[in-house]
2 protein chains.
Amino acid sequence: MPRATINDIARQAGVSPTAVSFAFNSPARLSTTTVERILAVARDMGYMPNPLSRGLVAGHVGVLGLIVPQALREIFANPFFATLQQGIGSVCDEHNLGLLTLSPQNNSLELAIARAPVDGFIIVGLNEQHHEVLPLRKRGIPFVIVDGDAEIAQSVNSADEESAYAAAAHLLEQGHREVLILAFDMPHRHLDNIFYGVGARRTWGYQRAFANYGVEWRDSWFLPTQGSVEGGAQRFAQALDEGYRPTAILTASDLIALGVLRAARQRGIQIPNDLEVIGYDDIPVAELVSPALSTVRQPIMEKGRIAGELLVAALSGDTGAERVVLAAELILRETTR
Amino acid sequence: MPRATINDIARQAGVSPTAVSFAFNSPARLSTTTVERILAVARDMGYMPNPLSRGLVAGHVGVLGLIVPQALREIFANPFFATLQQGIGSVCDEHNLGLLTLSPQNNSLELAIARAPVDGFIIVGLNEQHHEVLPLRKRGIPFVIVDGDAEIAQSVNSADEESAYAAAAHLLEQGHREVLILAFDMPHRHLDNIFYGVGARRTWGYQRAFANYGVEWRDSWFLPTQGSVEGGAQRFAQALDEGYRPTAILTASDLIALGVLRAARQRGIQIPNDLEVIGYDDIPVAELVSPALSTVRQPIMEKGRIAGELLVAALSGDTGAERVVLAAELILRETTR
DNA sequence: GTGAAAGCGCTAACAG
DNA sequence: CTGTTAGCGCTTTCAC
């Protein structure tokens, strides 16, 4: 049976559809008895106003969209996103909003964006100029970029270049010269931003450190790695098999670093004695594992909270174009000496 | 500036709105040149069909709703939900759906449900008869219950009674008689199901074990606890302050158990020598912490996947009423002797 | 190959 | 205090 509509209720209660609408939205405008009668009928017939129709008329639906160029399955497996979502979620909680998490549909983020019943977007890991993001700019929908470059839109980033520099500098300072870098791996379909954004900024930081310490930069020691524990473990094992003999490793995320730790253990490599490892993010498990992971801490939750707040502000017409950059700091634990 | 509508595009391209619609949805019905012209204009003006209007007409929006009676902030901080969402997410990935996570709005889940632009719901931790869920049954919207009782709706649960029995029995078998239970704490507004659902089933399991081993059941040793590390730590510390001297503890979740571990360490209590602890869930960190947590493993991801699949099936008219119960098993690690 | 018109379910002027 | 009416933006028969 099809859902009851406002007209069904109106007919059943012997009133006009308007009256039913009022009963739900501005009960004060109806007599108490009418409201009660209408609500009773509605409850009886299991009626609820259709959120789509309502949203269509109202011009908003009370949902924020979170867009990430990865499968949902991967997003929810990643503590970085869990923490980011906590930040965004805290804003949603305050404003009675829902959070819709979206990933590419049929390999197209643009498609996912086009179909999303939301009031605005938070986009992670893509630049404003990205071809799948561009349409949003022309369309009037508010969005904020997290971990990506933006010149017009609002954005929230952390100090990637500086913190990457600090991590690399620390290792070089200790005398390391065989430093392997397990960097982010961008899927081909998103390749147009490989030279920008978070990955690029961190790379610049690494390169600046190498230059500063007079150490030769070798592209062959810069390996794109899938951003998971599994990915880190595999990439590191493969590197060993290929003959790499690093004395230190920098990774694009803690998840990757955790994979390195695991693979190292399996191969009998002592950490930090044989190999020093520095991760990135400082996700909660970083300090729980043993040895505890040295890493770069970025304020992920804060990132989410700020992104959420900027978006909510934009939704209510506040059209500033803030570009927030949060500080990040090197945390030395037990995977460095 | 307001967003461009289908009419704007039609006017600009010198065609009817119908033609524009066709250009997007059934390009075959238009001449190639017309389609191109329309699409060009659309791209130019940054036009995208409004998902709400489209959903209103089509009768679906491509979004699954996940309803949990907790704040979003808490949901995303909880590895149980992260894993559950991985399961649901894998189904969404396959079917090109988005996942909308919702929590109570103005303290009302019903309100959140009413406003959600989704095709169906997955409801966690509430029974079918719950007053905030009941309206869904009358309304024609498909939903599946996870971790809750259902007689009419579909549901996915794990073997709570049996696994709780196993955990308690293990401790009693070892000779423990001072067993503290840190159970789920249900917010007042959801009190109407405190005697049902997951919490109740586990309690029955505990009680059956106590009876079986001839150990007296004391309600005062059954303490509702907020389901977080913090909650577990506080509740345990408080219990100690109140004079409880347990030799073993059963907790409703690993998060709570982690809190117990932390508080125990602060007070110099040796685990497992002074105190044995068994958690519940087997979230990923459970085996990473030290000492590694003994716990009851339930297949959380599988739970999510099955719930997602049941819902997707229901969406396409498959109106079975499955009640799935997954196995759970006791995993003994280092917090038990 | 293209357009007119009706309607999805709801809200909000505007009358009465 | 209540109802009439006109859309919100889109899709979709059904004609032309």
# chains A, B, ... in the order shown; residues from 1 in each chain; ligands from 1
>>> interface_residues(of="chain B", to="chain A", cutoff="8 Å", atoms="only C-alpha atoms", output="PyMOL selection string")
chain B and resi 1-4+43+45-53+55-56+61-62+71-77+82-83+85-90+92-93+96-106+114-117+135-140+285+288-290
>>> closest_atom_pairs(of="chain D", to="chain B", cutoff="8 Å", atoms="only C-alpha atoms (C1' of nucleotides)", output="Markdown table")
| residue | atom | partner | partner_atom | distance |
| --- | --- | --- | --- | --- |
| D:DG9 | C1' | B:Ser53 | CA | 5.2 |
| D:DC10 | C1' | B:Ser53 | CA | 5.1 |
| D:DT11 | C1' | B:Val57 | CA | 6.4 |
>>> residues_around(residues="region 260-264 of chain B", least_positions_apart="6", cutoff="6 Å", atoms="only C-alpha atoms (C1' of nucleotides)", output="PyMOL selection string")
chain B and resi 232-233+236
>>> interface_residues(of="chain C", to="chain B", cutoff="12 Å", atoms="only C-alpha atoms (C1' of nucleotides)", output="PyMOL selection string")
chain C and resi 1-5+7-10
>>> select_by_dssp(residues="region 209-295 of chain B", states="strand (DSSP E)", output="list in words")
Phe222, Leu223, Pro224, Thr225, Ala248, Ile249, Leu250, Thr251, Glu276, Val277, Ile278 and Thr295 of chain B
>>> residues_around(residues="Ile331 (chain A)", least_positions_apart="3", cutoff="8 Å", atoms="only C-alpha atoms (C1' of nucleotides)", output="MDAnalysis selection string")
chainID A and resid 294:297
>>> select_by_dssp(residues="region 6-254 of chain A", states="helix (DSSP H, G or I)", output="PyMOL selection string")
chain A and resi 6-13+17-25+27-29+32-45+51-58+72-75+79-95+109-115+134-138+160-173+188-193+197-212+219-221+229-241+254
>>> closest_residue(among="B:Asn212, B:Ser158, B:Gln266, B:Thr32", to="Gln234 (chain B)", atoms="only C-alpha atoms")
B:Gln266
>>> residues_around(residues="DA13 (chain C)", least_positions_apart="2", cutoff="12 Å", atoms="only C-alpha atoms (C1' of nucleotides)", output="list of chain:residue names")
A:Thr18, C:DT11, C:DA15, D:DT4, D:DT5, D:DA6, D:DG7
>>> write_last_selection(atoms="N, CA, C and O atoms (P, O5', C5', C4', C3', O3' and C1' of nucleotides)", output="tab-separated table (two decimals), in the first residue's frame")
chain	number	residue	atom	x	y	z
A	18	THR	N	-4.25	22.10	3.86
A	18	THR	CA	-3.60	23.19	4.59
A	18	THR	C	-3.72	22.98	6.09
A	18	THR	O	-2.76	23.13	6.84
C	11	DT	P	4.46	20.48	5.03
C	11	DT	O5'	4.54	21.91	4.30
C	11	DT	C5'	5.81	22.39	3.90
C	11	DT	C4'	5.66	23.74	3.27
C	11	DT	C3'	5.14	24.85	4.19
C	11	DT	O3'	5.96	25.96	3.96
C	11	DT	C1'	3.82	24.76	2.24
C	15	DA	P	-5.45	39.06	-1.39
C	15	DA	O5'	-6.98	38.67	-1.18
C	15	DA	C5'	-7.30	37.87	-0.08
C	15	DA	C4'	-8.30	36.81	-0.50
C	15	DA	C3'	-9.72	37.18	-0.06
C	15	DA	O3'	-10.66	36.57	-0.93
C	15	DA	C1'	-8.85	35.42	1.29
D	4	DT	P	-11.74	24.62	-0.09
D	4	DT	O5'	-11.56	25.78	-1.16
D	4	DT	C5'	-11.55	27.15	-0.73
D	4	DT	C4'	-10.81	28.01	-1.75
D	4	DT	C3'	-10.36	27.27	-3.02
D	4	DT	O3'	-10.46	28.19	-4.11
D	4	DT	C1'	-8.46	28.14	-1.91
D	5	DT	P	-10.02	27.71	-5.60
D	5	DT	O5'	-8.49	28.17	-5.60
D	5	DT	C5'	-8.18	29.53	-5.29
D	5	DT	C4'	-6.69	29.77	-5.49
D	5	DT	C3'	-6.11	29.06	-6.72
D	5	DT	O3'	-5.32	29.99	-7.43
D	5	DT	C1'	-4.81	28.55	-4.81
D	6	DA	P	-4.79	29.63	-8.89
D	6	DA	O5'	-3.24	29.91	-8.74
D	6	DA	C5'	-2.79	30.96	-7.88
D	6	DA	C4'	-1.39	30.63	-7.38
D	6	DA	C3'	-0.46	30.06	-8.45
D	6	DA	O3'	0.79	30.70	-8.31
D	6	DA	C1'	-0.46	28.64	-6.59
D	7	DG	P	1.82	30.69	-9.53
D	7	DG	O5'	1.86	29.10	-9.88
D	7	DG	C5'	3.12	28.43	-9.97
D	7	DG	C4'	3.88	28.49	-8.66
D	7	DG	C3'	5.14	27.64	-8.68
D	7	DG	O3'	6.23	28.37	-8.16
D	7	DG	C1'	3.68	26.92	-6.94
>>> atom_distance(atom1="CA of Val198 (chain B)", atom2="CA of Ala252 (chain B)")
9.5 Å
